[in-house]
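These notes are about the structure you will find just below.
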Amino acid sequence: MQEILEAIENNATPQEIEGIKIPESYRAAFVNESDQEMFQGMDSKDKDPRKSLKIGEVKTPEVAPDEVFVAVMASAINFNTVWTSIFEPLPTFQFLKRLGKESIWGKRHDLPYHVVGSDASGVVVKTGSAVRNWKVGDKVVVHCNYVDDQDPSSHNDSMMATNQRIWGFESNFGGLADLALVKANQLMPKPRHLSWEESACNALCNSTSYRMVVSRNGAGMKQGDSVLIWGATGGIGGYAVQYVLNGGGIPIGVVSSPEKAEILREMGCEAVIDRREKNYKFWKDDVTQDESEWRRLGKDIRDLIGEDPDIVFEHPGRQTMGASVFVAKRGGLIMTCAATSGYMIEYDNRHLWMKLKTIKSSHFANYKEAYEANRLISKGAIQPILSAVYPLQEVGEAAYQVHKNLHEGKIGVLCLAQKEGLGIDDPEFREKIGEDKITLFRRKNA
Ligand code: NAP
């Protein structure tokens with residue numbers, strides 16, 4: 001990989017890069033199948049990614065005709081890497097086994113180790129024989145929608161494909177590594193004004209929020225819509241706030257500290273709720289919710305914006321869903337994509353049907369949505385929300401920070417990139433957008 005890195009650093013030509021042999025093994029972050037029982041009987045919060053995530057050499061797989069190898073300069077932590085590393089809600093080896101049964105190419109993924117990571121920025125270093133639109137030397141970012149395009153169900157909206165997967169979570173050879181194996185239809189151009197790590201942190205969360213807020217497959221938000229955003233400085237929330245503001249909506253951001261509240265205000269979100277300060281207790285105990293606490297949240301929202309939210313951007317799940325259904329406006333939409341605090345959801349259905357509200361689900365984004373979301377990053381309309389950067393060697397600690405909600409925005413991971421700030425190809429455009437805007441989360445976390 002050293003030779004490849006030097007070639008990238010020295011702006012080698014595509015021909016020169018093509019001449020470098022892909023190494024037989026590469027450095028990667030992975031979990032071992034033999035460790036999948038290691039946290040048995042422990043509470044979720046005590047399961048520690050630092051114990052299960054390993055760094056080491058893994059064997060380079062063969063490249064399929066529709067795939068490329070990307071030399072990964074940087075990657076990022078997503079919550080799915082936390083799930084894989086604590087083997088919840090189920091060990092991801094089951095996904096790899098299922099993929100292994102699909103085809104001879106799928107079989108490569110069924111291994112006793114799972115190379116994780118669902119984001120990456122880097123350089124294409126080898127293309128499969130059927131790849132048309134990308135070539136060796138292209139600087140790219142990778143989105144994580146892993147789709148079999150020979151299946152009719154994948155056309156129209158590829159998120160509806162019966163065997164749709166998330167790369168690096170439900171497939172092997174993910175982005176938290178020096179080399180990644182991806183389908184050519186996962187590639188998008190790297191934003192030229194951003195560094196490797198600023199480019200790498202966006203695709204998963206930015207595309208998810210784009211589909212949830214902007215796309216007609218999601219909320220299709222219109223000008224003037226008010227949107228309650230849980231975890232508004234978290235991974236998906238930090239992009240959702242930007243989409244609401246860009247689209248002429250009114251965000252109400254919920255966070256859990258004054259520092260996060262300050263970031264939100266600096267982003268232009270005027271209506272801010274600090275849930276820790278408010279100390280909402282939506283659950284009286286493990287089985288009983290407290291409607292008066294839902295009402296208290298509803299009143300706080302009305303005090304801030306004078307009305308109930310048209311849309312609720314929902315992902316904490318069990319802890320908040322009852323409140324989310326309650327506070328949405330009559331005819332409003334609860335847009336959900338996750339359940340961080342528990343997936344067995346309970347809400348009062350009377351508040352849903354009597355007020356004609358809708359719960360709609362969303363999951364990542366199709367290629368077109370991911371491409372459009374990436375285009376907005378490239379145009380400087382959406383900013384990366386990178387708050388911290390770790391070397392690949394410390395990936396366990398980086399995942400631990402996300403697991404424990406000790407972070408803001410996105411945590412980047414340097415893979416082949418030796419330090420932060422490399423890879424910026426258009427400094428003039430960067431200056432035009434403004435360093436302050438691009439590095440807001442990083443500065444606040446410094
Ligand atoms: P994140 O960076 O950890 O941010 C989530 C934020 O939610 C936290 O920062 C926290 O903010 C807030 N939160 C956590 N627990 C909460 C609770 N009990 N009540 C209220 N707020 C709570 O994670 P993320 O990347 O944004 O992902 C959020 C969830 O979405 C995860 O479960 C992830 O797996 C899922 N996800 C799904 C998709 C998909 O395609 N389906 C894509 C991306 C992410 P405060 O403490 O500041 O309130």
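Just remember, in the structure tokens the first chain shown is A, the second B, etc., residues are 1-based per chain, and ligands are 1-based in the order shown.
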Dump as a Markdown table the rows for residues of chain A within 8 Å of ligand 1: closest atom pair and distance in Å with one decimal, only C-alpha atoms and all ligand atoms counted, ordered by chain and rising residue number.
| residue | atom | partner | partner_atom_place_in_ligand_line | distance |
| --- | --- | --- | --- | --- |
| A:Asn78 | CA | ligand 1 | 25 (O) | 5.6 |
| A:Phe79 | CA | ligand 1 | 34 (O) | 4.4 |
| A:Asn80 | CA | ligand 1 | 34 (O) | 5.2 |
| A:Trp83 | CA | ligand 1 | 34 (O) | 7.6 |
| A:Leu204 | CA | ligand 1 | 43 (C) | 6.2 |
| A:Cys205 | CA | ligand 1 | 43 (C) | 5.0 |
| A:Thr208 | CA | ligand 1 | 42 (C) | 5.3 |
| A:Ser209 | CA | ligand 1 | 42 (C) | 7.8 |
| A:Trp230 | CA | ligand 1 | 21 (N) | 5.5 |
| A:Gly231 | CA | ligand 1 | 11 (O) | 3.5 |
| A:Ala232 | CA | ligand 1 | 47 (O) | 6.5 |
| A:Thr233 | CA | ligand 1 | 47 (O) | 6.1 |
| A:Gly234 | CA | ligand 1 | 4 (O) | 3.5 |
| A:Gly235 | CA | ligand 1 | 26 (O) | 3.4 |
| A:Ile236 | CA | ligand 1 | 26 (O) | 3.9 |
| A:Gly237 | CA | ligand 1 | 26 (O) | 5.6 |
| A:Gly238 | CA | ligand 1 | 26 (O) | 7.6 |
| A:Val254 | CA | ligand 1 | 48 (O) | 5.7 |
| A:Val255 | CA | ligand 1 | 47 (O) | 3.4 |
| A:Ser256 | CA | ligand 1 | 47 (O) | 4.0 |
| A:Ser257 | CA | ligand 1 | 47 (O) | 6.5 |
| A:Lys260 | CA | ligand 1 | 47 (O) | 6.5 |
| A:Asp274 | CA | ligand 1 | 48 (O) | 7.5 |
| A:Arg275 | CA | ligand 1 | 48 (O) | 6.5 |
| A:Arg276 | CA | ligand 1 | 48 (O) | 7.8 |
| A:His315 | CA | ligand 1 | 29 (C) | 5.3 |
| A:Pro316 | CA | ligand 1 | 16 (C) | 4.8 |
| A:Gly317 | CA | ligand 1 | 18 (N) | 7.4 |
| A:Arg318 | CA | ligand 1 | 18 (N) | 7.6 |
| A:Gln319 | CA | ligand 1 | 18 (N) | 5.1 |
| A:Thr320 | CA | ligand 1 | 19 (N) | 5.8 |
| A:Cys337 | CA | ligand 1 | 41 (N) | 4.3 |
| A:Ala338 | CA | ligand 1 | 35 (C) | 4.6 |
| A:Ala339 | CA | ligand 1 | 32 (O) | 5.3 |
| A:Thr340 | CA | ligand 1 | 32 (O) | 3.9 |
| A:Ser341 | CA | ligand 1 | 18 (N) | 5.2 |
| A:Ser362 | CA | ligand 1 | 41 (N) | 6.2 |
| A:His363 | CA | ligand 1 | 40 (O) | 3.8 |
| A:Phe364 | CA | ligand 1 | 40 (O) | 3.3 |
| A:Ala365 | CA | ligand 1 | 40 (O) | 7.1 |
| A:Val402 | CA | ligand 1 | 3 (O) | 5.4 |
| A:His403 | CA | ligand 1 | 3 (O) | 6.8 |
| A:Asn405 | CA | ligand 1 | 3 (O) | 5.5 |
| A:Leu406 | CA | ligand 1 | 9 (O) | 7.9 |
| A:His407 | CA | ligand 1 | 9 (O) | 7.0 |
| A:Glu408 | CA | ligand 1 | 9 (O) | 6.3 |
| A:Gly409 | CA | ligand 1 | 2 (O) | 5.7 |
| A:Lys410 | CA | ligand 1 | 2 (O) | 6.3 |
**Message:** I need the residues of range 334-419 of chain A that end up classed as helix (DSSP H, G or I) by DSSP on the backbone, written out as a list in words.
**Reply:**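 Helix (DSSP H, G or I) members of range 334-419 of chain A, listed: Asn349, Arg350, His351, Leu352, Trp353, Tyr367, Lys368, Glu369, Ala370, Tyr371, Glu372, Ala373, Asn374, Arg375, Leu376, Ile377, Ser378, Leu392, Gln393, Glu394, Val395, Gly396, Glu397, Ala398, Ala399, Tyr400, Gln401, Val402 and His403 of chain A.
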Which parts of range 197-331 of chain A does DSSP call strand (DSSP E) when run on the backbone here, written out as a compact mmCIF listing (two decimals) with N, CA, C and O atoms, in the first residue's frame?
# COMPACT_ATOMS: atom_id res chain seq x y z
N SER A 226 -42.30 23.22 9.31
CA SER A 226 -41.48 23.18 10.53
C SER A 226 -41.12 21.73 10.83
O SER A 226 -41.96 20.83 10.67
N VAL A 227 -39.88 21.52 11.23
CA VAL A 227 -39.37 20.15 11.37
C VAL A 227 -38.67 20.00 12.73
O VAL A 227 -37.68 20.68 13.00
N LEU A 228 -39.22 19.13 13.55
CA LEU A 228 -38.57 18.81 14.82
C LEU A 228 -37.48 17.78 14.55
O LEU A 228 -37.76 16.71 14.00
N ILE A 229 -36.23 18.11 14.93
CA ILE A 229 -35.10 17.23 14.63
C ILE A 229 -34.47 16.75 15.92
O ILE A 229 -33.83 17.53 16.65
N ILE A 250 -38.42 25.45 8.80
CA ILE A 250 -38.09 25.98 10.13
C ILE A 250 -37.66 24.80 11.01
O ILE A 250 -38.50 23.98 11.41
N PRO A 251 -36.36 24.68 11.30
CA PRO A 251 -35.94 23.56 12.14
C PRO A 251 -36.11 23.87 13.62
O PRO A 251 -35.89 25.00 14.06
N ILE A 252 -36.53 22.87 14.36
CA ILE A 252 -36.50 22.95 15.82
C ILE A 252 -35.52 21.84 16.22
O ILE A 252 -35.81 20.66 16.06
N GLY A 253 -34.36 22.24 16.70
CA GLY A 253 -33.31 21.26 16.97
C GLY A 253 -33.30 20.84 18.43
O GLY A 253 -33.30 21.68 19.32
N VAL A 254 -33.31 19.52 18.67
CA VAL A 254 -33.19 19.01 20.05
C VAL A 254 -31.78 18.48 20.24
O VAL A 254 -31.29 17.69 19.42
N VAL A 255 -31.13 18.92 21.31
CA VAL A 255 -29.77 18.46 21.63
C VAL A 255 -29.68 18.23 23.13
O VAL A 255 -30.68 18.39 23.86
N ALA A 271 -34.57 27.88 16.75
CA ALA A 271 -35.39 27.19 17.76
C ALA A 271 -34.63 25.98 18.28
O ALA A 271 -34.43 24.99 17.54
N VAL A 272 -34.17 26.06 19.52
CA VAL A 272 -33.31 25.01 20.07
C VAL A 272 -33.87 24.54 21.42
O VAL A 272 -34.27 25.35 22.25
N ILE A 273 -33.90 23.23 21.59
CA ILE A 273 -34.32 22.66 22.88
C ILE A 273 -33.18 21.82 23.43
O ILE A 273 -32.67 20.94 22.72
N ASP A 274 -32.76 22.10 24.65
CA ASP A 274 -31.76 21.26 25.32
C ASP A 274 -32.53 20.23 26.16
O ASP A 274 -33.09 20.56 27.20
N ILE A 311 -43.34 18.10 10.48
CA ILE A 311 -42.56 16.87 10.28
C ILE A 311 -41.73 16.62 11.54
O ILE A 311 -41.20 17.56 12.13
N VAL A 312 -41.64 15.37 11.95
CA VAL A 312 -40.69 15.02 13.03
C VAL A 312 -39.63 14.12 12.42
O VAL A 312 -39.95 13.10 11.79
N PHE A 313 -38.38 14.50 12.57
CA PHE A 313 -37.23 13.71 12.09
C PHE A 313 -36.86 12.78 13.24
O PHE A 313 -36.23 13.18 14.21
N GLU A 314 -37.31 11.52 13.12
CA GLU A 314 -37.29 10.59 14.27
C GLU A 314 -36.25 9.49 14.06
O GLU A 314 -36.21 8.88 12.98
Show which residues sit within 12 Å of Arg295 in chain A, as a short mmCIF file (atom, residue, chain, number, x, y, z; two decimals) with N, CA and C atoms, in the first residue's frame. Count only C-alpha atoms, and ignore same-chain residues fewer than 6 positions away.
data_model
loop_
_atom_site.label_atom_id
_atom_site.label_comp_id
_atom_site.auth_asym_id
_atom_site.auth_seq_id
_atom_site.Cartn_x
_atom_site.Cartn_y
_atom_site.Cartn_z
N TYR A 280 -36.91 15.95 30.19
CA TYR A 280 -38.15 15.25 29.86
C TYR A 280 -38.07 13.82 30.36
N LYS A 281 -39.18 13.35 30.91
CA LYS A 281 -39.25 11.94 31.34
C LYS A 281 -40.44 11.31 30.64
N PHE A 282 -40.23 10.96 29.37
CA PHE A 282 -41.34 10.41 28.58
C PHE A 282 -41.80 9.06 29.11
N GLN A 289 -45.57 5.14 29.74
CA GLN A 289 -45.19 6.48 29.28
C GLN A 289 -46.03 7.54 29.99
N ILE A 301 -42.27 23.43 22.17
CA ILE A 301 -42.13 23.68 20.72
C ILE A 301 -43.01 24.87 20.32
N ARG A 302 -44.27 24.89 20.82
CA ARG A 302 -45.17 26.01 20.49
C ARG A 302 -44.62 27.33 21.01
N ASP A 308 -47.32 23.53 16.00
CA ASP A 308 -46.81 22.16 16.09
C ASP A 308 -46.01 21.85 14.83
N GLY A 322 -43.20 7.91 21.22
CA GLY A 322 -44.50 8.31 21.77
C GLY A 322 -44.65 9.82 21.72
N ALA A 323 -43.61 10.52 22.13
CA ALA A 323 -43.62 11.98 22.12
C ALA A 323 -43.67 12.51 20.69
N SER A 324 -42.92 11.87 19.78
CA SER A 324 -42.87 12.35 18.38
C SER A 324 -44.25 12.27 17.75
N VAL A 325 -44.95 11.15 17.96
CA VAL A 325 -46.29 10.99 17.39
C VAL A 325 -47.22 12.04 17.99
N PHE A 326 -47.07 12.28 19.28
CA PHE A 326 -47.96 13.23 19.95
C PHE A 326 -47.76 14.67 19.45
N VAL A 327 -46.50 15.10 19.33
CA VAL A 327 -46.27 16.54 19.06
C VAL A 327 -46.45 16.92 17.59
N ALA A 328 -46.44 15.94 16.67
CA ALA A 328 -46.59 16.29 15.25
C ALA A 328 -47.94 16.98 15.02
N HIS A 351 -53.67 9.34 19.01
CA HIS A 351 -53.11 10.62 18.56
C HIS A 351 -52.69 10.56 17.10
#
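Of the residues under consideration (A:Asn279, A:Met321, A:Val413, A:Ala203), A:Met321 shows the shortest atom-to-atom contact distance to Tyr343 in chain A when counting only C-alpha atoms.
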**Asked** Residues at most 10 Å from Lys21 in chain A, counting only C-alpha atoms, excluding those fewer than 6 positions away in the same chain, as a ChimeraX atom specification?
**Response** /A:1,3-4,125-126
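Computed from the coordinates, the CA of Leu440 in chain A to CA of Ala388 in chain A distance equals 11.3 Å.
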Which residues come within 10 Å of Ala184 in chain A, counting only C-alpha atoms, excluding same-chain residues fewer than 2 positions away, as a PDB file with all heavy atoms, in the first residue's frame?
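Output saved as around-v1.pdb:
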ATOM      1  N   PRO A  65     -16.292  -8.171 -12.000  1.00  0.00           N
ATOM      2  CA  PRO A  65     -16.328  -7.289 -13.181  1.00  0.00           C
ATOM      3  C   PRO A  65     -16.957  -5.915 -12.926  1.00  0.00           C
ATOM      4  O   PRO A  65     -16.552  -4.926 -13.531  1.00  0.00           O
ATOM      5  CB  PRO A  65     -17.163  -8.086 -14.196  1.00  0.00           C
ATOM      6  CG  PRO A  65     -16.958  -9.509 -13.805  1.00  0.00           C
ATOM      7  CD  PRO A  65     -16.819  -9.520 -12.304  1.00  0.00           C
ATOM      8  N   ASP A  66     -17.951  -5.845 -12.023  1.00  0.00           N
ATOM      9  CA  ASP A  66     -18.646  -4.562 -11.797  1.00  0.00           C
ATOM     10  C   ASP A  66     -18.107  -3.821 -10.573  1.00  0.00           C
ATOM     11  O   ASP A  66     -18.764  -2.917 -10.053  1.00  0.00           O
ATOM     12  CB  ASP A  66     -20.162  -4.785 -11.643  1.00  0.00           C
ATOM     13  CG  ASP A  66     -20.502  -5.657 -10.438  1.00  0.00           C
ATOM     14  OD1 ASP A  66     -19.599  -6.313  -9.899  1.00  0.00           O
ATOM     15  OD2 ASP A  66     -21.682  -5.669 -10.027  1.00  0.00           O
ATOM     16  N   GLU A  67     -16.916  -4.186 -10.122  1.00  0.00           N
ATOM     17  CA  GLU A  67     -16.376  -3.589  -8.887  1.00  0.00           C
ATOM     18  C   GLU A  67     -15.071  -2.838  -9.138  1.00  0.00           C
ATOM     19  O   GLU A  67     -14.422  -3.010 -10.181  1.00  0.00           O
ATOM     20  CB  GLU A  67     -16.107  -4.695  -7.860  1.00  0.00           C
ATOM     21  CG  GLU A  67     -17.353  -5.367  -7.334  1.00  0.00           C
ATOM     22  CD  GLU A  67     -17.053  -6.534  -6.402  1.00  0.00           C
ATOM     23  OE1 GLU A  67     -15.908  -7.042  -6.406  1.00  0.00           O
ATOM     24  OE2 GLU A  67     -17.968  -6.950  -5.679  1.00  0.00           O
ATOM     25  N   VAL A  68     -14.694  -2.045  -8.134  1.00  0.00           N
ATOM     26  CA  VAL A  68     -13.372  -1.382  -8.170  1.00  0.00           C
ATOM     27  C   VAL A  68     -12.726  -1.528  -6.789  1.00  0.00           C
ATOM     28  O   VAL A  68     -13.409  -1.734  -5.791  1.00  0.00           O
ATOM     29  CB  VAL A  68     -13.482   0.130  -8.510  1.00  0.00           C
ATOM     30  CG1 VAL A  68     -14.312   0.365  -9.755  1.00  0.00           C
ATOM     31  CG2 VAL A  68     -14.053   0.931  -7.348  1.00  0.00           C
ATOM     32  N   PHE A  69     -11.398  -1.384  -6.780  1.00  0.00           N
ATOM     33  CA  PHE A  69     -10.686  -1.201  -5.530  1.00  0.00           C
ATOM     34  C   PHE A  69     -10.450   0.294  -5.336  1.00  0.00           C
ATOM     35  O   PHE A  69     -10.018   0.979  -6.275  1.00  0.00           O
ATOM     36  CB  PHE A  69      -9.314  -1.887  -5.556  1.00  0.00           C
ATOM     37  CG  PHE A  69      -9.368  -3.361  -5.263  1.00  0.00           C
ATOM     38  CD1 PHE A  69      -8.789  -4.286  -6.121  1.00  0.00           C
ATOM     39  CD2 PHE A  69      -9.972  -3.823  -4.093  1.00  0.00           C
ATOM     40  CE1 PHE A  69      -8.837  -5.638  -5.845  1.00  0.00           C
ATOM     41  CE2 PHE A  69     -10.013  -5.180  -3.806  1.00  0.00           C
ATOM     42  CZ  PHE A  69      -9.450  -6.087  -4.686  1.00  0.00           C
ATOM     43  N   VAL A 124      -9.507   5.522  -6.987  1.00  0.00           N
ATOM     44  CA  VAL A 124      -9.726   4.229  -7.653  1.00  0.00           C
ATOM     45  C   VAL A 124      -8.370   3.703  -8.115  1.00  0.00           C
ATOM     46  O   VAL A 124      -7.629   4.402  -8.825  1.00  0.00           O
ATOM     47  CB  VAL A 124     -10.678   4.390  -8.867  1.00  0.00           C
ATOM     48  CG1 VAL A 124     -10.811   3.073  -9.629  1.00  0.00           C
ATOM     49  CG2 VAL A 124     -12.043   4.878  -8.404  1.00  0.00           C
ATOM     50  N   THR A 127     -10.008  -1.291 -11.661  1.00  0.00           N
ATOM     51  CA  THR A 127     -11.414  -1.419 -12.055  1.00  0.00           C
ATOM     52  C   THR A 127     -11.666  -2.817 -12.606  1.00  0.00           C
ATOM     53  O   THR A 127     -10.811  -3.400 -13.274  1.00  0.00           O
ATOM     54  CB  THR A 127     -11.782  -0.392 -13.158  1.00  0.00           C
ATOM     55  OG1 THR A 127     -10.890  -0.568 -14.256  1.00  0.00           O
ATOM     56  CG2 THR A 127     -11.699   1.025 -12.653  1.00  0.00           C
ATOM     57  N   GLY A 128     -12.864  -3.356 -12.346  1.00  0.00           N
ATOM     58  CA  GLY A 128     -13.278  -4.625 -12.930  1.00  0.00           C
ATOM     59  C   GLY A 128     -13.539  -4.447 -14.425  1.00  0.00           C
ATOM     60  O   GLY A 128     -13.687  -3.314 -14.909  1.00  0.00           O
ATOM     61  N   ALA A 130     -16.033  -4.776 -16.326  1.00  0.00           N
ATOM     62  CA  ALA A 130     -17.290  -4.222 -16.832  1.00  0.00           C
ATOM     63  C   ALA A 130     -17.514  -2.773 -16.387  1.00  0.00           C
ATOM     64  O   ALA A 130     -18.567  -2.200 -16.657  1.00  0.00           O
ATOM     65  CB  ALA A 130     -18.458  -5.088 -16.364  1.00  0.00           C
ATOM     66  N   VAL A 131     -16.535  -2.175 -15.721  1.00  0.00           N
ATOM     67  CA  VAL A 131     -16.722  -0.805 -15.207  1.00  0.00           C
ATOM     68  C   VAL A 131     -16.524   0.192 -16.350  1.00  0.00           C
ATOM     69  O   VAL A 131     -15.517   0.159 -17.049  1.00  0.00           O
ATOM     70  CB  VAL A 131     -15.731  -0.529 -14.043  1.00  0.00           C
ATOM     71  CG1 VAL A 131     -15.808   0.932 -13.606  1.00  0.00           C
ATOM     72  CG2 VAL A 131     -16.023  -1.457 -12.878  1.00  0.00           C
ATOM     73  N   ARG A 132     -17.522   1.071 -16.524  1.00  0.00           N
ATOM     74  CA  ARG A 132     -17.470   2.000 -17.659  1.00  0.00           C
ATOM     75  C   ARG A 132     -17.212   3.446 -17.247  1.00  0.00           C
ATOM     76  O   ARG A 132     -16.469   4.156 -17.893  1.00  0.00           O
ATOM     77  CB  ARG A 132     -18.807   1.977 -18.416  1.00  0.00           C
ATOM     78  CG  ARG A 132     -19.059   0.725 -19.222  1.00  0.00           C
ATOM     79  CD  ARG A 132     -20.381   0.826 -19.978  1.00  0.00           C
ATOM     80  NE  ARG A 132     -21.519   0.946 -19.073  1.00  0.00           N
ATOM     81  CZ  ARG A 132     -22.293   2.006 -18.955  1.00  0.00           C
ATOM     82  NH1 ARG A 132     -22.094   3.067 -19.691  1.00  0.00           N
ATOM     83  NH2 ARG A 132     -23.305   2.025 -18.095  1.00  0.00           N
ATOM     84  N   ASN A 133     -17.882   3.893 -16.181  1.00  0.00           N
ATOM     85  CA  ASN A 133     -17.897   5.340 -15.911  1.00  0.00           C
ATOM     86  C   ASN A 133     -16.775   5.828 -15.006  1.00  0.00           C
ATOM     87  O   ASN A 133     -16.649   7.028 -14.784  1.00  0.00           O
ATOM     88  CB  ASN A 133     -19.238   5.722 -15.291  1.00  0.00           C
ATOM     89  CG  ASN A 133     -20.384   5.511 -16.252  1.00  0.00           C
ATOM     90  OD1 ASN A 133     -20.154   5.433 -17.462  1.00  0.00           O
ATOM     91  ND2 ASN A 133     -21.586   5.396 -15.745  1.00  0.00           N
ATOM     92  N   TRP A 134     -15.991   4.922 -14.484  1.00  0.00           N
ATOM     93  CA  TRP A 134     -14.923   5.316 -13.564  1.00  0.00           C
ATOM     94  C   TRP A 134     -13.629   4.682 -14.013  1.00  0.00           C
ATOM     95  O   TRP A 134     -13.630   3.583 -14.563  1.00  0.00           O
ATOM     96  CB  TRP A 134     -15.259   4.872 -12.127  1.00  0.00           C
ATOM     97  CG  TRP A 134     -16.560   5.437 -11.667  1.00  0.00           C
ATOM     98  CD1 TRP A 134     -17.784   4.856 -11.785  1.00  0.00           C
ATOM     99  CD2 TRP A 134     -16.772   6.718 -11.064  1.00  0.00           C
ATOM    100  NE1 TRP A 134     -18.761   5.698 -11.279  1.00  0.00           N
ATOM    101  CE2 TRP A 134     -18.165   6.849 -10.833  1.00  0.00           C
ATOM    102  CE3 TRP A 134     -15.929   7.772 -10.699  1.00  0.00           C
ATOM    103  CZ2 TRP A 134     -18.723   7.982 -10.248  1.00  0.00           C
ATOM    104  CZ3 TRP A 134     -16.483   8.896 -10.113  1.00  0.00           C
ATOM    105  CH2 TRP A 134     -17.867   8.999  -9.899  1.00  0.00           C
ATOM    106  N   LYS A 135     -12.522   5.406 -13.727  1.00  0.00           N
ATOM    107  CA  LYS A 135     -11.241   4.856 -14.159  1.00  0.00           C
ATOM    108  C   LYS A 135     -10.201   5.012 -13.049  1.00  0.00           C
ATOM    109  O   LYS A 135     -10.406   5.803 -12.096  1.00  0.00           O
ATOM    110  CB  LYS A 135     -10.780   5.498 -15.463  1.00  0.00           C
ATOM    111  CG  LYS A 135     -10.744   6.997 -15.419  1.00  0.00           C
ATOM    112  CD  LYS A 135     -10.383   7.566 -16.772  1.00  0.00           C
ATOM    113  CE  LYS A 135     -10.113   9.071 -16.716  1.00  0.00           C
ATOM    114  NZ  LYS A 135     -10.769   9.857 -15.703  1.00  0.00           N
ATOM    115  N   VAL A 142     -17.494   7.193  -1.507  1.00  0.00           N
ATOM    116  CA  VAL A 142     -18.260   5.954  -1.691  1.00  0.00           C
ATOM    117  C   VAL A 142     -19.550   6.045  -0.884  1.00  0.00           C
ATOM    118  O   VAL A 142     -19.515   6.370   0.305  1.00  0.00           O
ATOM    119  CB  VAL A 142     -17.432   4.752  -1.188  1.00  0.00           C
ATOM    120  CG1 VAL A 142     -18.224   3.457  -1.362  1.00  0.00           C
ATOM    121  CG2 VAL A 142     -16.092   4.674  -1.916  1.00  0.00           C
ATOM    122  N   TYR A 146     -25.600  -1.015  -1.515  1.00  0.00           N
ATOM    123  CA  TYR A 146     -24.991  -2.158  -2.208  1.00  0.00           C
ATOM    124  C   TYR A 146     -26.123  -2.945  -2.846  1.00  0.00           C
ATOM    125  O   TYR A 146     -26.899  -3.622  -2.155  1.00  0.00           O
ATOM    126  CB  TYR A 146     -24.245  -2.975  -1.158  1.00  0.00           C
ATOM    127  CG  TYR A 146     -23.441  -4.137  -1.668  1.00  0.00           C
ATOM    128  CD1 TYR A 146     -22.096  -3.981  -2.010  1.00  0.00           C
ATOM    129  CD2 TYR A 146     -24.018  -5.391  -1.798  1.00  0.00           C
ATOM    130  CE1 TYR A 146     -21.348  -5.041  -2.455  1.00  0.00           C
ATOM    131  CE2 TYR A 146     -23.274  -6.462  -2.246  1.00  0.00           C
ATOM    132  CZ  TYR A 146     -21.941  -6.284  -2.574  1.00  0.00           C
ATOM    133  OH  TYR A 146     -21.199  -7.351  -3.013  1.00  0.00           O
ATOM    134  N   LEU A 181     -13.277  -2.649  -1.310  1.00  0.00           N
ATOM    135  CA  LEU A 181     -13.844  -3.243  -2.514  1.00  0.00           C
ATOM    136  C   LEU A 181     -15.288  -2.764  -2.616  1.00  0.00           C
ATOM    137  O   LEU A 181     -16.093  -3.032  -1.710  1.00  0.00           O
ATOM    138  CB  LEU A 181     -13.815  -4.770  -2.383  1.00  0.00           C
ATOM    139  CG  LEU A 181     -14.338  -5.548  -3.576  1.00  0.00           C
ATOM    140  CD1 LEU A 181     -13.378  -5.446  -4.761  1.00  0.00           C
ATOM    141  CD2 LEU A 181     -14.540  -7.024  -3.218  1.00  0.00           C
ATOM    142  N   VAL A 182     -15.611  -2.047  -3.695  1.00  0.00           N
ATOM    143  CA  VAL A 182     -16.972  -1.503  -3.817  1.00  0.00           C
ATOM    144  C   VAL A 182     -17.493  -1.705  -5.229  1.00  0.00           C
ATOM    145  O   VAL A 182     -16.710  -1.851  -6.176  1.00  0.00           O
ATOM    146  CB  VAL A 182     -17.028   0.003  -3.457  1.00  0.00           C
ATOM    147  CG1 VAL A 182     -16.401   0.261  -2.097  1.00  0.00           C
ATOM    148  CG2 VAL A 182     -16.369   0.881  -4.503  1.00  0.00           C
ATOM    149  N   GLN A 186     -21.392   2.532  -6.583  1.00  0.00           N
ATOM    150  CA  GLN A 186     -21.325   3.194  -5.271  1.00  0.00           C
ATOM    151  C   GLN A 186     -20.444   4.454  -5.321  1.00  0.00           C
ATOM    152  O   GLN A 186     -20.306   5.146  -4.316  1.00  0.00           O
ATOM    153  CB  GLN A 186     -20.724   2.252  -4.225  1.00  0.00           C
ATOM    154  CG  GLN A 186     -21.602   1.092  -3.816  1.00  0.00           C
ATOM    155  CD  GLN A 186     -20.880   0.210  -2.812  1.00  0.00           C
ATOM    156  OE1 GLN A 186     -20.506  -0.910  -3.135  1.00  0.00           O
ATOM    157  NE2 GLN A 186     -20.663   0.699  -1.611  1.00  0.00           N
ATOM    158  N   LEU A 187     -19.850   4.714  -6.483  1.00  0.00           N
ATOM    159  CA  LEU A 187     -18.860   5.800  -6.542  1.00  0.00           C
ATOM    160  C   LEU A 187     -19.503   7.144  -6.874  1.00  0.00           C
ATOM    161  O   LEU A 187     -20.462   7.220  -7.642  1.00  0.00           O
ATOM    162  CB  LEU A 187     -17.797   5.472  -7.599  1.00  0.00           C
ATOM    163  CG  LEU A 187     -16.977   4.202  -7.355  1.00  0.00           C
ATOM    164  CD1 LEU A 187     -16.018   3.952  -8.519  1.00  0.00           C
ATOM    165  CD2 LEU A 187     -16.201   4.298  -6.036  1.00  0.00           C
ATOM    166  N   MET A 188     -18.937   8.181  -6.299  1.00  0.00           N
ATOM    167  CA  MET A 188     -19.368   9.561  -6.576  1.00  0.00           C
ATOM    168  C   MET A 188     -18.103  10.429  -6.558  1.00  0.00           C
ATOM    169  O   MET A 188     -17.111  10.064  -5.912  1.00  0.00           O
ATOM    170  CB  MET A 188     -20.343  10.046  -5.488  1.00  0.00           C
ATOM    171  CG  MET A 188     -21.487   9.057  -5.223  1.00  0.00           C
ATOM    172  SD  MET A 188     -22.776   9.689  -4.159  1.00  0.00           S
ATOM    173  CE  MET A 188     -21.963   9.755  -2.574  1.00  0.00           C
TER     174      MET A 188
END
